[in-house]
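Asker: This is start-v5.pdb, which holds PDB, C-alpha atoms, pLDDT in the B column:
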```
ATOM      1  CA  MET A   1       0.000   0.000   0.000  1.00 47.00           C
ATOM      2  CA  PRO A   2       1.483   3.402  -0.931  1.00 53.00           C
ATOM      3  CA  ARG A   3       2.250   5.690   1.960  1.00 59.00           C
ATOM      4  CA  PHE A   4       1.793   9.431   2.041  1.00 62.00           C
ATOM      5  CA  SER A   5       5.558   9.993   1.764  1.00 59.00           C
ATOM      6  CA  ASN A   6       5.598   8.474  -1.728  1.00 58.00           C
ATOM      7  CA  VAL A   7       4.693  11.639  -3.663  1.00 59.00           C
ATOM      8  CA  GLY A   8       7.163  11.285  -6.532  1.00 54.00           C
ATOM      9  CA  GLY A   9       5.668  12.773  -9.681  1.00 56.00           C
ATOM     10  CA  VAL A  10       2.633  14.177  -7.894  1.00 63.00           C
ATOM     11  CA  LEU A  11       1.597  17.625  -9.113  1.00 67.00           C
ATOM     12  CA  GLY A  12       1.896  20.460  -6.627  1.00 71.00           C
ATOM     13  CA  PHE A  13       5.129  19.388  -4.919  1.00 66.00           C
ATOM     14  CA  GLY A  14       7.412  21.519  -7.070  1.00 67.00           C
ATOM     15  CA  PRO A  15      10.002  20.669  -9.698  1.00 67.00           C
ATOM     16  CA  VAL A  16      13.431  19.223  -9.090  1.00 64.00           C
ATOM     17  CA  ASP A  17      16.102  21.889  -9.648  1.00 63.00           C
ATOM     18  CA  PRO A  18      18.870  20.362 -11.795  1.00 66.00           C
ATOM     19  CA  ALA A  19      21.046  23.534 -11.716  1.00 69.00           C
ATOM     20  CA  ASP A  20      24.812  23.170 -11.486  1.00 64.00           C
ATOM     21  CA  SER A  21      24.843  25.478  -8.457  1.00 68.00           C
ATOM     22  CA  TYR A  22      23.127  22.790  -6.394  1.00 65.00           C
ATOM     23  CA  GLN A  23      23.684  23.049  -2.637  1.00 72.00           C
ATOM     24  CA  PRO A  24      22.426  20.117  -0.580  1.00 76.00           C
ATOM     25  CA  PHE A  25      21.979  22.299   2.512  1.00 82.00           C
ATOM     26  CA  GLU A  26      20.598  25.823   2.720  1.00 80.00           C
ATOM     27  CA  TRP A  27      21.178  26.101   6.469  1.00 83.00           C
ATOM     28  CA  VAL A  28      24.076  24.877   8.596  1.00 83.00           C
ATOM     29  CA  TRP A  29      21.722  22.990  10.940  1.00 83.00           C
ATOM     30  CA  GLN A  30      20.569  20.869   7.980  1.00 88.00           C
ATOM     31  CA  ALA A  31      24.113  19.605   7.406  1.00 89.00           C
ATOM     32  CA  ARG A  32      24.368  18.757  11.087  1.00 89.00           C
ATOM     33  CA  VAL A  33      21.089  16.829  11.011  1.00 91.00           C
ATOM     34  CA  TRP A  34      22.298  14.944   7.916  1.00 92.00           C
ATOM     35  CA  ALA A  35      25.561  14.040   9.685  1.00 93.00           C
ATOM     36  CA  LEU A  36      23.806  12.952  12.883  1.00 92.00           C
ATOM     37  CA  ASN A  37      21.381  10.763  10.914  1.00 90.00           C
ATOM     38  CA  ASN A  38      24.270   8.999   9.222  1.00 90.00           C
ATOM     39  CA  VAL A  39      26.345   8.456  12.369  1.00 91.00           C
ATOM     40  CA  VAL A  40      24.061   8.057  15.382  1.00 91.00           C
ATOM     41  CA  PRO A  41      21.441   5.444  14.346  1.00 89.00           C
ATOM     42  CA  PRO A  42      23.978   2.790  13.250  1.00 89.00           C
ATOM     43  CA  ARG A  43      25.698   3.091  16.646  1.00 90.00           C
ATOM     44  CA  PHE A  44      22.426   1.955  18.220  1.00 89.00           C
ATOM     45  CA  GLY A  45      21.828  -0.843  15.689  1.00 90.00           C
ATOM     46  CA  HIS A  46      19.389   0.947  13.374  1.00 89.00           C
ATOM     47  CA  THR A  47      19.552   0.366   9.615  1.00 90.00           C
ATOM     48  CA  THR A  48      18.888   2.729   6.729  1.00 88.00           C
ATOM     49  CA  ASP A  49      15.739   0.772   5.893  1.00 89.00           C
ATOM     50  CA  GLU A  50      14.497   1.126   9.463  1.00 88.00           C
ATOM     51  CA  LYS A  51      15.100   4.899   9.404  1.00 87.00           C
ATOM     52  CA  ARG A  52      13.341   5.209   6.058  1.00 86.00           C
ATOM     53  CA  ASP A  53      10.379   3.144   7.263  1.00 88.00           C
ATOM     54  CA  LEU A  54      10.030   5.259  10.391  1.00 86.00           C
ATOM     55  CA  GLY A  55      10.103   8.447   8.294  1.00 84.00           C
ATOM     56  CA  GLU A  56       7.407   7.064   6.017  1.00 85.00           C
ATOM     57  CA  GLN A  57       5.202   6.301   9.023  1.00 87.00           C
ATOM     58  CA  LEU A  58       5.115   9.944  10.132  1.00 87.00           C
ATOM     59  CA  PRO A  59       1.576  11.337   9.948  1.00 88.00           C
ATOM     60  CA  ALA A  60       0.654  13.175   6.751  1.00 85.00           C
ATOM     61  CA  ARG A  61       0.291  16.462   8.679  1.00 87.00           C
ATOM     62  CA  VAL A  62       3.901  16.165   9.933  1.00 87.00           C
ATOM     63  CA  GLN A  63       5.118  15.378   6.428  1.00 83.00           C
ATOM     64  CA  LEU A  64       3.355  18.428   5.012  1.00 84.00           C
ATOM     65  CA  ASP A  65       4.296  20.825   7.823  1.00 88.00           C
ATOM     66  CA  GLN A  66       7.957  19.867   8.177  1.00 88.00           C
ATOM     67  CA  GLY A  67      10.714  20.308   5.650  1.00 87.00           C
ATOM     68  CA  TYR A  68      12.971  17.473   4.494  1.00 86.00           C
ATOM     69  CA  TYR A  69      15.633  17.797   7.203  1.00 89.00           C
ATOM     70  CA  GLU A  70      13.045  18.622   9.880  1.00 90.00           C
ATOM     71  CA  ARG A  71      11.532  15.203   9.178  1.00 90.00           C
ATOM     72  CA  TRP A  72      15.019  13.673   9.466  1.00 90.00           C
ATOM     73  CA  LEU A  73      15.408  15.342  12.875  1.00 89.00           C
ATOM     74  CA  THR A  74      11.967  14.116  13.978  1.00 89.00           C
ATOM     75  CA  ARG A  75      12.872  10.599  12.864  1.00 90.00           C
ATOM     76  CA  LEU A  76      16.187  10.743  14.743  1.00 90.00           C
ATOM     77  CA  GLU A  77      14.460  12.011  17.877  1.00 89.00           C
ATOM     78  CA  LEU A  78      11.925   9.161  17.727  1.00 89.00           C
ATOM     79  CA  LEU A  79      14.722   6.591  17.435  1.00 90.00           C
ATOM     80  CA  LEU A  80      16.692   8.074  20.336  1.00 90.00           C
ATOM     81  CA  VAL A  81      13.621   8.292  22.581  1.00 90.00           C
ATOM     82  CA  GLU A  82      12.759   4.688  21.682  1.00 89.00           C
ATOM     83  CA  ASP A  83      16.313   3.622  22.627  1.00 90.00           C
ATOM     84  CA  GLY A  84      16.171   5.539  25.928  1.00 92.00           C
ATOM     85  CA  VAL A  85      18.974   7.925  24.924  1.00 90.00           C
ATOM     86  CA  LEU A  86      16.655  10.953  25.084  1.00 89.00           C
ATOM     87  CA  ALA A  87      13.666  11.592  27.301  1.00 92.00           C
ATOM     88  CA  PRO A  88      10.451  12.580  25.484  1.00 89.00           C
ATOM     89  CA  GLY A  89      10.548  16.351  24.862  1.00 87.00           C
ATOM     90  CA  GLU A  90      14.240  16.672  25.766  1.00 89.00           C
ATOM     91  CA  LEU A  91      15.307  17.608  22.238  1.00 82.00           C
ATOM     92  CA  ASP A  92      12.480  20.148  21.884  1.00 81.00           C
ATOM     93  CA  ALA A  93      13.624  21.830  25.108  1.00 86.00           C
ATOM     94  CA  ALA A  94      17.247  21.930  23.914  1.00 83.00           C
ATOM     95  CA  VAL A  95      16.223  23.392  20.546  1.00 76.00           C
ATOM     96  CA  ALA A  96      14.098  26.070  22.248  1.00 80.00           C
ATOM     97  CA  ASP A  97      17.005  26.933  24.543  1.00 82.00           C
ATOM     98  CA  ALA A  98      19.448  27.170  21.623  1.00 75.00           C
ATOM     99  CA  GLY A  99      16.977  29.357  19.714  1.00 72.00           C
ATOM    100  CA  THR A 100      16.712  31.714  22.677  1.00 77.00           C
ATOM    101  CA  ARG A 101      20.493  31.949  23.057  1.00 73.00           C
ATOM    102  CA  SER A 102      21.057  32.542  19.325  1.00 67.00           C
ATOM    103  CA  GLY A 103      18.302  35.121  18.941  1.00 66.00           C
ATOM    104  CA  GLY A 104      16.228  32.609  16.976  1.00 60.00           C
ATOM    105  CA  GLY A 105      18.260  32.842  13.786  1.00 62.00           C
ATOM    106  CA  HIS A 106      19.978  30.177  11.722  1.00 63.00           C
ATOM    107  CA  GLU A 107      23.233  30.551   9.834  1.00 64.00           C
ATOM    108  CA  THR A 108      23.351  29.973   6.102  1.00 64.00           C
ATOM    109  CA  TRP A 109      26.432  28.592   4.387  1.00 58.00           C
ATOM    110  CA  GLU A 110      27.080  32.035   2.942  1.00 64.00           C
ATOM    111  CA  GLN A 111      27.083  33.595   6.424  1.00 65.00           C
ATOM    112  CA  THR A 112      29.681  31.087   7.631  1.00 64.00           C
ATOM    113  CA  GLY A 113      31.891  31.499   4.575  1.00 61.00           C
ATOM    114  CA  GLY A 114      30.779  28.212   3.028  1.00 58.00           C
ATOM    115  CA  ALA A 115      32.249  24.781   3.602  1.00 53.00           C
ATOM    116  CA  ARG A 116      35.641  24.860   5.217  1.00 51.00           C
ATOM    117  CA  PRO A 117      38.480  22.935   3.526  1.00 45.00           C
ATOM    118  CA  TRP A 118      38.965  20.736   6.588  1.00 43.00           C
ATOM    119  CA  ALA A 119      35.308  19.732   6.399  1.00 47.00           C
ATOM    120  CA  THR A 120      35.440  18.597   2.780  1.00 45.00           C
ATOM    121  CA  ARG A 121      38.491  16.306   2.643  1.00 42.00           C
ATOM    122  CA  TYR A 122      40.137  13.611   4.683  1.00 39.00           C
ATOM    123  CA  GLU A 123      43.579  14.307   6.081  1.00 38.00           C
TER     124      GLU A 123
END
```
Translate this file's structure into structure tokens.

Answerer:
Amino acid sequence: MPRFSNVGGVLGFGPVDPADSYQPFEWVWQARVWALNNVVPPRFGHTTDEKRDLGEQLPARVQLDQGYYERWLTRLELLLVEDGVLAPGELDAAVADAGTRSGGGHETWEQTGGARPWATRYE
């Protein structure tokens, strides 16, 4: 049975931008969420298929209201709460606290000077 997350080719979800200036992350926090999702779950025995399945089980309202990396963060939080690493609501409280301390803004890659050389190659 198709799930709500399978919207490939559905009208109204916008075109794919094939431009050469493609940036996978608009905001720095998105890169961090990507990194955490690729490092943390395997350390607790979770597979890519399990992460994908959990993301596809999110309610349709969550999938419509949250952006791509927000859904990744929600999925990661659910896994960590399930494993007992986080208490329910602990991540929300930390995010609210960080937002208060930072003035509520997020840095873009342009604001940080883009990717740093040490972050793009192995030494």

Asker: Step by step, work through what the PyMOL selection byres ((chain A and resi 44-55) around 9) selects in the shown file, and finish by giving those residues as a ChimeraX atom specification.

Answerer: /A:5,37-38,40-43,56-58,63,71-72,74-76,78-80,83

Asker: Work out how far CA of Gly12 (chain A) is from CA of Asp65 (chain A), in Å to one decimal.

Answerer: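 One can read the CA of Asp65 (chain A) to CA of Gly12 (chain A) distance as 14.7 Å.
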
Asker: To one decimal place, how far is CA of Val85 (chain A) from CA of Glu26 (chain A) in Å?

Answerer: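 One can read the CA of Val85 (chain A) to CA of Glu26 (chain A) distance as 28.6 Å.
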
Asker: Expressed in Å to a single decimal, how great is the separation between CA of Gly89 (chain A) and CA of Val28 (chain A)?

Answerer: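 Here the two named atoms are 22.8 Å from each other.
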